[in-house]
>>> print(open('protein-v3.tsv').read())   # TSV, C-alpha atoms
chain	number	residue	atom	x	y	z
A	173	MET	CA	16.49	9.94	-3.78
A	174	ASN	CA	12.76	10.23	-4.33
A	175	ILE	CA	10.52	7.24	-3.54
A	176	PHE	CA	7.09	6.63	-5.06
A	177	ILE	CA	4.47	4.48	-3.31
A	178	TYR	CA	1.23	3.30	-4.94
A	179	SER	CA	-1.35	1.49	-2.84
A	180	ASP	CA	-4.85	0.06	-2.70
A	181	GLU	CA	-6.93	-1.97	-0.26
A	182	SER	CA	-8.91	-5.18	-0.35
A	183	GLY	CA	-11.71	-6.26	1.95
A	184	VAL	CA	-14.08	-4.37	4.26
A	185	PHE	CA	-13.06	-3.06	7.67
A	186	ASP	CA	-16.13	-4.36	9.47
A	187	LYS	CA	-15.49	-6.83	12.28
A	188	LYS	CA	-19.03	-8.21	12.38
A	189	HIS	CA	-19.01	-9.46	8.81
A	190	ASN	CA	-15.34	-9.77	7.84
A	191	LYS	CA	-12.19	-11.39	9.16
A	192	ILE	CA	-9.45	-9.87	7.01
A	193	PHE	CA	-8.58	-6.43	5.68
A	194	VAL	CA	-5.57	-5.79	3.47
A	195	PHE	CA	-3.46	-2.95	2.13
A	196	GLY	CA	-1.12	-3.72	-0.73
A	197	GLY	CA	1.08	-1.75	-3.04
A	198	LEU	CA	4.23	-0.98	-4.97
A	199	ILE	CA	7.41	0.91	-4.11
A	200	PHE	CA	9.63	2.58	-6.71
A	201	ILE	CA	12.96	3.97	-5.60
A	202	ASP	CA	13.21	6.61	-8.33
A	203	LYS	CA	11.20	8.20	-11.13
A	204	GLU	CA	13.01	6.25	-13.82
A	205	SER	CA	12.00	2.87	-12.39
A	206	LYS	CA	8.44	4.12	-11.81
A	207	ASP	CA	8.16	5.19	-15.44
A	208	GLU	CA	9.73	1.95	-16.67
A	209	TRP	CA	7.27	-0.19	-14.68
A	210	SER	CA	4.41	1.98	-15.92
A	211	ARG	CA	5.37	1.17	-19.52
A	212	LYS	CA	5.75	-2.54	-18.76
A	213	TYR	CA	2.45	-2.82	-16.91
A	214	SER	CA	0.65	-0.81	-19.59
A	215	HIS	CA	1.89	-3.24	-22.23
A	216	VAL	CA	0.64	-6.27	-20.25
A	217	GLU	CA	-2.73	-4.59	-19.73
A	218	ASN	CA	-3.07	-3.82	-23.44
A	219	VAL	CA	-2.21	-7.37	-24.44
A	220	LEU	CA	-4.79	-8.65	-21.97
A	221	ARG	CA	-7.45	-6.24	-23.25
A	222	GLU	CA	-6.75	-7.36	-26.80
A	223	SER	CA	-7.09	-11.04	-25.85
A	224	LYS	CA	-10.39	-10.25	-24.11
A	225	GLY	CA	-11.63	-8.22	-27.04
A	226	VAL	CA	-12.51	-5.23	-24.85
A	227	ASP	CA	-12.14	-1.50	-25.38
A	228	ILE	CA	-8.81	0.20	-24.62
A	229	ASN	CA	-10.56	2.11	-21.81
A	230	TYR	CA	-11.81	-1.04	-20.07
A	231	GLU	CA	-10.51	-0.86	-16.50
A	232	LEU	CA	-8.60	-4.01	-15.54
A	233	LYS	CA	-9.26	-3.99	-11.80
A	234	ALA	CA	-9.32	-7.23	-9.85
A	235	THR	CA	-13.12	-7.20	-9.56
A	236	GLN	CA	-13.54	-7.16	-13.34
A	237	ILE	CA	-11.22	-9.95	-14.48
A	238	THR	CA	-10.74	-13.68	-13.96
A	239	ASN	CA	-8.31	-15.28	-11.50
A	240	LYS	CA	-6.15	-16.39	-14.43
A	241	GLU	CA	-5.97	-12.82	-15.72
A	242	LYS	CA	-5.18	-11.51	-12.22
A	243	GLY	CA	-2.34	-14.01	-12.03
A	244	LYS	CA	-0.89	-12.83	-15.32
A	245	LEU	CA	-0.96	-9.20	-14.21
A	246	PHE	CA	0.56	-10.04	-10.81
A	247	ARG	CA	3.38	-12.09	-12.36
A	248	SER	CA	4.26	-9.13	-14.56
A	249	LEU	CA	5.18	-7.33	-11.32
A	250	ASN	CA	7.48	-10.11	-10.02
A	251	GLN	CA	10.62	-7.97	-10.09
A	252	CYS	CA	8.92	-4.91	-8.62
A	253	TYR	CA	9.17	-4.09	-4.91
A	254	LYS	CA	5.83	-4.79	-3.25
A	255	PHE	CA	4.43	-4.46	0.26
A	256	GLY	CA	1.31	-5.36	2.16
A	257	VAL	CA	-0.31	-5.62	5.56
A	258	VAL	CA	-2.88	-8.17	6.67
A	259	ILE	CA	-5.18	-6.99	9.47
A	260	ASN	CA	-6.89	-9.73	11.46
A	261	GLU	CA	-10.06	-7.83	12.29
A	262	GLN	CA	-11.10	-10.28	15.00
A	263	ASN	CA	-8.07	-9.20	17.06
A	264	VAL	CA	-8.71	-5.45	16.68
A	265	LEU	CA	-10.14	-3.77	19.78
A	266	GLU	CA	-13.92	-3.57	19.68
A	267	ARG	CA	-14.01	0.13	20.50
A	268	ILE	CA	-12.08	0.98	17.32
A	269	PHE	CA	-15.16	0.04	15.31
A	270	ASP	CA	-17.42	2.37	17.31
A	271	SER	CA	-16.78	5.42	15.13
A	272	LYS	CA	-15.66	6.18	11.58
A	273	LYS	CA	-12.87	8.38	12.89
A	274	ASP	CA	-11.39	5.66	15.12
A	275	LYS	CA	-11.60	3.16	12.26
A	276	GLN	CA	-9.83	5.56	9.89
A	277	ARG	CA	-7.11	6.31	12.44
A	278	TYR	CA	-6.43	2.63	12.91
A	279	LEU	CA	-6.28	2.04	9.15
A	280	ASP	CA	-3.92	5.00	8.76
A	281	TYR	CA	-1.72	3.49	11.50
A	282	ALA	CA	-1.75	0.06	9.81
A	283	TYR	CA	-0.88	1.59	6.45
A	284	LYS	CA	1.94	3.66	7.91
A	285	ILE	CA	3.43	0.65	9.72
A	286	ALA	CA	3.25	-1.52	6.60
A	287	VAL	CA	5.11	1.07	4.52
A	288	LYS	CA	7.68	1.70	7.26
A	289	ARG	CA	8.47	-2.00	7.67
A	290	ALA	CA	8.81	-2.38	3.90
A	291	PHE	CA	11.20	0.60	3.82
A	292	GLN	CA	13.25	-0.91	6.66
A	293	ASP	CA	13.45	-4.19	4.76
A	294	LEU	CA	14.75	-2.39	1.66
A	295	ILE	CA	17.22	-0.45	3.82
A	296	ASN	CA	18.51	-3.71	5.33
A	297	LYS	CA	18.92	-5.14	1.82
A	298	GLY	CA	20.89	-2.08	0.68
A	299	VAL	CA	18.25	-1.04	-1.86
A	300	ILE	CA	17.51	2.25	-0.07
A	301	ASP	CA	20.10	4.53	1.52
A	302	PRO	CA	18.10	6.22	4.32
A	303	ASP	CA	20.44	9.22	4.38
A	304	LYS	CA	19.75	10.03	0.71
A	305	VAL	CA	15.95	9.96	0.69
A	306	GLU	CA	14.60	13.49	0.13
A	307	ARG	CA	10.96	13.03	-0.91
A	308	LEU	CA	8.19	10.49	-0.53
A	309	TYR	CA	5.30	10.53	-2.98
A	310	PHE	CA	2.26	8.51	-1.92
A	311	CYS	CA	-0.51	7.75	-4.40
A	312	VAL	CA	-3.44	6.14	-2.57
A	313	ASP	CA	-6.66	4.81	-4.08
A	314	GLU	CA	-9.26	7.47	-3.34
A	315	HIS	CA	-12.31	5.32	-2.44
A	316	THR	CA	-14.57	7.42	-0.20
A	317	THR	CA	-12.09	8.99	2.20
A	318	ALA	CA	-13.39	12.31	3.55
A	319	THR	CA	-11.34	15.48	3.12
A	320	ASN	CA	-10.34	15.64	6.80
A	321	GLY	CA	-9.34	11.95	6.64
A	322	ARG	CA	-7.03	12.70	3.73
A	323	TYR	CA	-5.37	15.49	5.68
A	324	GLU	CA	-4.92	13.25	8.73
A	325	LEU	CA	-3.24	10.52	6.68
A	326	LYS	CA	-0.76	13.03	5.26
A	327	GLU	CA	-0.12	14.37	8.75
A	328	SER	CA	0.44	10.86	10.10
A	329	LEU	CA	2.90	9.98	7.34
A	330	GLU	CA	4.80	13.24	7.83
A	331	GLN	CA	5.02	12.58	11.56
A	332	GLU	CA	6.38	9.07	11.01
A	333	PHE	CA	8.84	9.70	8.21
A	334	LYS	CA	9.82	13.36	8.49
A	335	LEU	CA	9.39	14.54	12.09
A	336	GLY	CA	9.59	11.42	14.24
A	337	THR	CA	7.13	10.11	16.82
A	338	TYR	CA	6.75	10.18	20.60
A	339	ASN	CA	5.61	7.52	23.01
A	340	TYR	CA	4.30	9.76	25.78
A	341	GLN	CA	3.67	6.84	28.13
A	342	TYR	CA	7.39	6.05	28.23
A	343	ASP	CA	8.62	9.57	27.43
A	344	THR	CA	10.50	8.22	24.41
A	345	PHE	CA	11.20	9.83	21.04
A	346	PHE	CA	11.58	7.71	17.89
A	347	PRO	CA	13.47	9.60	15.17
A	348	PRO	CA	12.38	9.23	11.53
A	349	ILE	CA	14.14	6.55	9.49
A	350	PHE	CA	14.99	9.16	6.82
A	351	SER	CA	17.18	11.79	8.47
A	352	ASP	CA	17.16	14.33	5.62
A	353	LEU	CA	13.62	13.92	4.32
A	354	ARG	CA	12.35	17.23	2.95
A	355	GLU	CA	8.82	16.49	1.82
A	356	VAL	CA	5.95	14.01	2.02
A	357	GLN	CA	3.26	14.30	-0.63
A	358	VAL	CA	-0.02	12.36	-0.58
A	359	GLU	CA	-2.31	12.17	-3.60
A	360	PHE	CA	-5.64	10.36	-3.62
A	361	CYS	CA	-5.99	8.78	-7.04
A	362	ASN	CA	-8.67	7.26	-9.24
A	363	SER	CA	-7.69	3.80	-10.47
A	364	GLU	CA	-9.42	4.47	-13.78
A	365	SER	CA	-6.89	7.16	-14.63
A	366	LYS	CA	-3.85	5.93	-12.63
A	367	LEU	CA	-2.21	2.88	-14.12
A	368	LEU	CA	-0.08	1.98	-11.10
A	369	ILE	CA	-3.05	2.21	-8.74
A	370	ARG	CA	-4.57	-0.59	-10.82
A	371	ALA	CA	-1.33	-2.51	-10.38
A	372	ALA	CA	-1.52	-1.90	-6.61
A	373	ASP	CA	-5.09	-3.21	-6.70
A	374	ILE	CA	-3.84	-6.48	-8.20
A	375	VAL	CA	-1.20	-6.74	-5.44
A	376	ALA	CA	-3.75	-6.08	-2.68
A	377	ASN	CA	-6.14	-8.61	-4.19
A	378	LYS	CA	-3.41	-11.28	-4.37
A	379	ILE	CA	-2.52	-10.75	-0.70
A	380	TYR	CA	-6.20	-10.87	0.25
A	381	TYR	CA	-6.65	-14.12	-1.67
A	382	HIS	CA	-3.92	-15.87	0.33
A	383	ALA	CA	-4.79	-14.20	3.64
A	384	ARG	CA	-8.42	-15.34	3.50
A	385	ARG	CA	-7.15	-18.90	3.12
A	386	GLU	CA	-4.66	-18.39	5.97
A	387	ASP	CA	-1.94	-19.28	3.49
A	388	LYS	CA	1.13	-17.57	4.96
A	389	ILE	CA	3.42	-19.98	3.13
A	390	GLY	CA	1.87	-18.92	-0.17
A	391	LEU	CA	2.48	-15.28	0.69
A	392	THR	CA	6.14	-15.91	1.54
A	393	LYS	CA	6.63	-17.44	-1.92
A	394	LEU	CA	5.51	-14.30	-3.75
A	395	SER	CA	8.49	-12.50	-5.27
A	396	ASN	CA	9.76	-9.21	-3.80
A	397	LEU	CA	6.83	-8.86	-1.40
A	398	HIS	CA	7.21	-7.69	2.20
A	399	ILE	CA	4.21	-8.61	4.37
A	400	SER	CA	3.28	-7.31	7.81
A	401	TYR	CA	0.59	-8.64	10.13
A	402	LEU	CA	-1.53	-6.66	12.60
A	403	PRO	CA	-2.49	-6.45	15.36
>>> encode(input="protein-v3.tsv", output="C-alpha coordinates")
Amino acid sequence: MNIFIYSDESGVFDKKHNKIFVFGGLIFIDKESKDEWSRKYSHVENVLRESKGVDINYELKATQITNKEKGKLFRSLNQCYKFGVVINEQNVLERIFDSKKDKQRYLDYAYKIAVKRAFQDLINKGVIDPDKVERLYFCVDEHTTATNGRYELKESLEQEFKLGTYNYQYDTFFPPIFSDLREVQVEFCNSESKLLIRAADIVANKIYYHARREDKIGLTKLSNLHISYLP
(Lines of atoms letter the chains of each structure in order from A and count residues from 1; the text may use other names and numbers.)
(Lines give C-alpha, C1' and ligand atoms only; values in the text may rest on other atoms or scores of the structure.)
Protein backbone atom coordinates (compact mmCIF):
# COMPACT_ATOMS: atom_id res chain seq x y z
CA MET A 1 0.00 0.00 0.00
CA ASN A 2 1.26 3.44 -0.96
CA ILE A 3 -0.25 6.51 0.73
CA PHE A 4 -0.25 10.02 -0.73
CA ILE A 5 -0.52 13.12 1.49
CA TYR A 6 -1.11 16.64 0.16
CA SER A 7 -0.98 19.58 2.56
CA ASP A 8 -0.99 23.34 2.93
CA GLU A 9 -1.06 25.86 5.77
CA SER A 10 -3.20 28.81 6.77
CA GLY A 11 -2.27 31.68 9.04
CA VAL A 12 1.04 33.15 10.20
CA PHE A 13 3.19 31.57 12.90
CA ASP A 14 3.81 34.80 14.78
CA LYS A 15 2.61 34.89 18.38
CA LYS A 16 2.63 38.68 18.69
CA HIS A 17 0.13 39.27 15.92
CA ASN A 18 -1.73 35.98 15.48
CA LYS A 19 -3.63 33.49 17.61
CA ILE A 20 -4.08 30.52 15.30
CA PHE A 21 -1.96 28.60 12.81
CA VAL A 22 -3.29 25.67 10.80
CA PHE A 23 -2.09 22.80 8.66
CA GLY A 24 -4.67 21.01 6.55
CA GLY A 25 -4.62 18.40 3.86
CA LEU A 26 -5.78 15.28 2.09
CA ILE A 27 -4.87 11.60 2.42
CA PHE A 28 -5.21 9.09 -0.41
CA ILE A 29 -4.66 5.43 0.36
CA ASP A 30 -3.59 4.44 -3.16
CA LYS A 31 -2.68 5.95 -6.52
CA GLU A 32 -6.02 5.04 -8.05
CA SER A 33 -8.01 7.06 -5.51
CA LYS A 34 -5.54 9.95 -5.80
CA ASP A 35 -5.98 10.04 -9.57
CA GLU A 36 -9.76 9.73 -9.27
CA TRP A 37 -9.99 12.65 -6.84
CA SER A 38 -7.68 14.68 -9.08
CA ARG A 39 -10.13 14.23 -11.97
CA LYS A 40 -13.13 15.08 -9.78
CA TYR A 41 -11.54 18.19 -8.28
CA SER A 42 -10.29 19.34 -11.69
CA HIS A 43 -13.84 19.13 -13.03
CA VAL A 44 -15.23 21.22 -10.15
CA GLU A 45 -12.47 23.80 -10.64
CA ASN A 46 -13.18 24.05 -14.36
CA VAL A 47 -16.91 24.49 -13.81
CA LEU A 48 -16.16 27.22 -11.28
CA ARG A 49 -13.74 28.98 -13.64
CA GLU A 50 -16.34 28.88 -16.39
CA SER A 51 -19.00 30.39 -14.10
CA LYS A 52 -16.54 33.14 -13.12
CA GLY A 53 -15.56 33.76 -16.72
CA VAL A 54 -11.85 33.47 -15.96
CA ASP A 55 -8.98 31.89 -17.88
CA ILE A 56 -8.32 28.15 -17.54
CA ASN A 57 -4.99 29.00 -15.89
CA TYR A 58 -6.58 31.15 -13.17
CA GLU A 59 -5.43 29.68 -9.85
CA LEU A 60 -8.37 28.90 -7.57
CA LYS A 61 -6.63 29.32 -4.21
CA ALA A 62 -8.61 30.37 -1.16
CA THR A 63 -7.22 33.92 -1.25
CA GLN A 64 -8.56 34.49 -4.76
CA ILE A 65 -12.16 33.32 -4.50
CA THR A 66 -15.31 34.10 -2.52
CA ASN A 67 -16.49 32.23 0.58
CA LYS A 68 -19.32 30.73 -1.46
CA GLU A 69 -16.84 29.41 -4.03
CA LYS A 70 -14.58 28.05 -1.27
CA GLY A 71 -17.58 26.21 0.15
CA LYS A 72 -18.37 24.63 -3.20
CA LEU A 73 -14.79 23.41 -3.61
CA PHE A 74 -14.66 22.09 -0.04
CA ARG A 75 -17.95 20.21 -0.39
CA SER A 76 -16.59 18.50 -3.49
CA LEU A 77 -14.07 16.85 -1.15
CA ASN A 78 -16.67 15.57 1.35
CA GLN A 79 -15.91 11.90 0.72
CA CYS A 80 -12.14 12.39 0.71
CA TYR A 81 -10.04 11.68 3.81
CA LYS A 82 -8.88 14.97 5.30
CA PHE A 83 -6.73 15.99 8.26
CA GLY A 84 -5.71 19.13 10.07
CA VAL A 85 -4.04 20.57 13.13
CA VAL A 86 -4.93 23.79 14.92
CA ILE A 87 -2.05 25.40 16.81
CA ASN A 88 -3.04 27.84 19.55
CA GLU A 89 -0.03 30.13 19.27
CA GLN A 90 -0.70 31.79 22.62
CA ASN A 91 0.05 28.48 24.36
CA VAL A 92 3.31 27.83 22.48
CA LEU A 93 6.46 28.45 24.53
CA GLU A 94 7.84 31.94 24.02
CA ARG A 95 11.36 30.73 23.30
CA ILE A 96 10.18 28.79 20.23
CA PHE A 97 9.58 32.11 18.48
CA ASP A 98 13.12 33.34 19.19
CA SER A 99 14.65 31.82 16.06
CA LYS A 100 13.51 30.70 12.62
CA LYS A 101 15.00 27.27 13.21
CA ASP A 102 13.08 26.67 16.44
CA LYS A 103 9.87 27.86 14.80
CA GLN A 104 10.39 25.51 11.84
CA ARG A 105 11.15 22.57 14.12
CA TYR A 106 7.96 23.15 16.07
CA LEU A 107 5.91 23.41 12.87
CA ASP A 108 7.50 20.20 11.57
CA TYR A 109 6.58 18.51 14.87
CA ALA A 110 2.99 19.78 14.66
CA TYR A 111 2.67 18.62 11.06
CA LYS A 112 4.09 15.20 11.84
CA ILE A 113 1.75 14.72 14.82
CA ALA A 114 -1.30 15.78 12.80
CA VAL A 115 -0.52 13.26 10.05
CA LYS A 116 0.27 10.50 12.54
CA ARG A 117 -3.00 10.99 14.44
CA ALA A 118 -4.94 10.98 11.17
CA PHE A 119 -3.21 7.74 10.15
CA GLN A 120 -4.04 6.18 13.52
CA ASP A 121 -7.67 7.20 13.09
CA LEU A 122 -7.80 5.53 9.66
CA ILE A 123 -6.10 2.43 11.10
CA ASN A 124 -8.70 2.24 13.88
CA LYS A 125 -11.46 2.52 11.26
CA GLY A 126 -9.95 -0.30 9.20
CA VAL A 127 -9.21 1.96 6.23
CA ILE A 128 -5.43 1.46 6.51
CA ASP A 129 -3.70 -1.84 7.30
CA PRO A 130 -0.47 -0.67 9.02
CA ASP A 131 1.35 -3.89 8.11
CA LYS A 132 0.80 -3.32 4.37
CA VAL A 133 1.99 0.28 4.03
CA GLU A 134 5.22 0.38 2.01
CA ARG A 135 5.62 4.01 0.91
CA LEU A 136 4.51 7.45 2.01
CA TYR A 137 4.52 10.28 -0.52
CA PHE A 138 4.21 13.77 0.97
CA CYS A 139 3.48 16.76 -1.25
CA VAL A 140 3.80 19.95 0.79
CA ASP A 141 3.12 23.50 -0.37
CA GLU A 142 6.55 25.02 -0.96
CA HIS A 143 6.07 28.56 0.43
CA THR A 144 9.51 29.86 1.44
CA THR A 145 10.99 26.87 3.26
CA ALA A 146 14.80 26.91 3.07
CA THR A 147 16.67 23.93 1.62
CA ASN A 148 17.94 22.75 5.01
CA GLY A 149 14.39 23.06 6.40
CA ARG A 150 13.11 20.79 3.66
CA TYR A 151 15.73 18.19 4.50
CA GLU A 152 14.88 18.36 8.20
CA LEU A 153 11.18 17.81 7.56
CA LYS A 154 11.94 14.71 5.49
CA GLU A 155 14.27 13.47 8.22
CA SER A 156 11.62 14.06 10.89
CA LEU A 157 8.95 12.19 8.93
CA GLU A 158 11.31 9.28 8.27
CA GLN A 159 12.17 9.10 11.96
CA GLU A 160 8.50 9.04 12.96
CA PHE A 161 7.10 6.66 10.37
CA LYS A 162 10.03 4.49 9.28
CA LEU A 163 12.61 4.30 12.07
CA GLY A 164 10.74 5.05 15.29
CA THR A 165 11.47 7.67 17.94
CA TYR A 166 13.16 7.82 21.33
CA ASN A 167 12.22 9.67 24.48
CA TYR A 168 15.67 9.99 26.02
CA GLN A 169 14.32 11.45 29.26
CA TYR A 170 12.46 8.22 30.00
CA ASP A 171 14.75 5.91 28.00
CA THR A 172 11.77 4.76 25.93
CA PHE A 173 11.56 3.73 22.28
CA PHE A 174 8.37 4.25 20.27
CA PRO A 175 8.28 1.98 17.20
CA PRO A 176 6.87 3.32 13.92
CA ILE A 177 3.18 2.67 13.26
CA PHE A 178 4.06 1.13 9.88
CA SER A 179 6.25 -1.90 10.55
CA ASP A 180 7.29 -2.59 6.94
CA LEU A 181 7.59 0.94 5.59
CA ARG A 182 10.29 1.09 2.92
CA GLU A 183 10.36 4.71 1.86
CA VAL A 184 9.27 8.23 2.76
CA GLN A 185 9.34 10.81 -0.03
CA VAL A 186 8.79 14.53 0.48
CA GLU A 187 8.17 16.91 -2.41
CA PHE A 188 7.71 20.65 -2.03
CA CYS A 189 5.11 21.69 -4.57
CA ASN A 190 3.81 24.84 -6.23
CA SER A 191 0.04 25.15 -5.91
CA GLU A 192 -0.14 26.72 -9.36
CA SER A 193 0.99 23.47 -10.96
CA LYS A 194 -0.26 20.93 -8.37
CA LEU A 195 -4.01 20.49 -8.39
CA LEU A 196 -4.27 18.64 -5.08
CA ILE A 197 -2.15 21.24 -3.28
CA ARG A 198 -4.88 23.72 -4.22
CA ALA A 199 -7.42 21.29 -2.77
CA ALA A 200 -5.33 21.07 0.42
CA ASP A 201 -5.30 24.88 0.53
CA ILE A 202 -9.11 24.88 0.56
CA VAL A 203 -9.11 22.35 3.43
CA ALA A 204 -6.60 24.38 5.46
CA ASN A 205 -8.58 27.56 4.85
CA LYS A 206 -11.83 25.91 5.99
CA ILE A 207 -10.20 24.70 9.21
CA TYR A 208 -8.71 28.15 9.80
CA TYR A 209 -12.12 29.78 9.28
CA HIS A 210 -13.71 27.69 12.04
CA ALA A 211 -10.67 27.77 14.34
CA ARG A 212 -10.51 31.58 14.33
CA ARG A 213 -14.13 31.60 15.49
CA GLU A 214 -13.37 28.95 18.13
CA ASP A 215 -16.02 26.82 16.45
CA LYS A 216 -14.98 23.28 17.41
CA ILE A 217 -18.52 22.04 16.89
CA GLY A 218 -18.43 23.31 13.31
CA LEU A 219 -15.17 21.46 12.72
CA THR A 220 -16.57 18.19 14.07
CA LYS A 221 -19.43 18.42 11.56
CA LEU A 222 -17.10 18.51 8.55
CA SER A 223 -17.16 15.18 6.72
CA ASN A 224 -14.17 12.79 6.89
CA LEU A 225 -11.94 15.31 8.68
CA HIS A 226 -9.64 14.37 11.56
CA ILE A 227 -8.57 17.39 13.63
CA SER A 228 -5.77 17.65 16.18
CA TYR A 229 -5.09 20.51 18.58
CA LEU A 230 -1.72 21.71 19.87
CA PRO A 231 -0.12 22.39 22.23
>>> atom_distance(input="protein-v3.tsv", atom1="atom CA of A:Asn362", atom2="atom CA of A:Phe195")
16.1 Å
>>> closest_residue(input="protein-v3.tsv", among="A:Ala282, A:Val356, A:Val287, A:Val226", to="A:Val258", atoms="only C-alpha atoms")
A:Ala282
>>> atom_distance(input="protein-v3.tsv", atom1="atom CA of A:Leu265", atom2="atom CA of A:Ala286")
18.9 Å
>>> atom_distance(input="protein-v3.tsv", atom1="atom CA of A:Ser248", atom2="atom CA of A:Asp207")
14.9 Å
>>> residues_around(input="protein-v3.tsv", residues="A:Leu294", least_positions_apart="6", cutoff="9 Å", atoms="only C-alpha atoms", output="JSON, numbers by chain")
{"A": [253, 300, 301]}
>>> residues_near_point(input="protein-v3.tsv", point="(-4.1, -6.1, -4.3)", cutoff="7 Å", atoms="all atoms listed in the file", output="list in words")
Asp180, Glu181, Ser182, Gly196, Gly197, Ala372, Asp373, Ile374, Val375, Ala376, Asn377, Lys378, Ile379 and Tyr380 of chain A
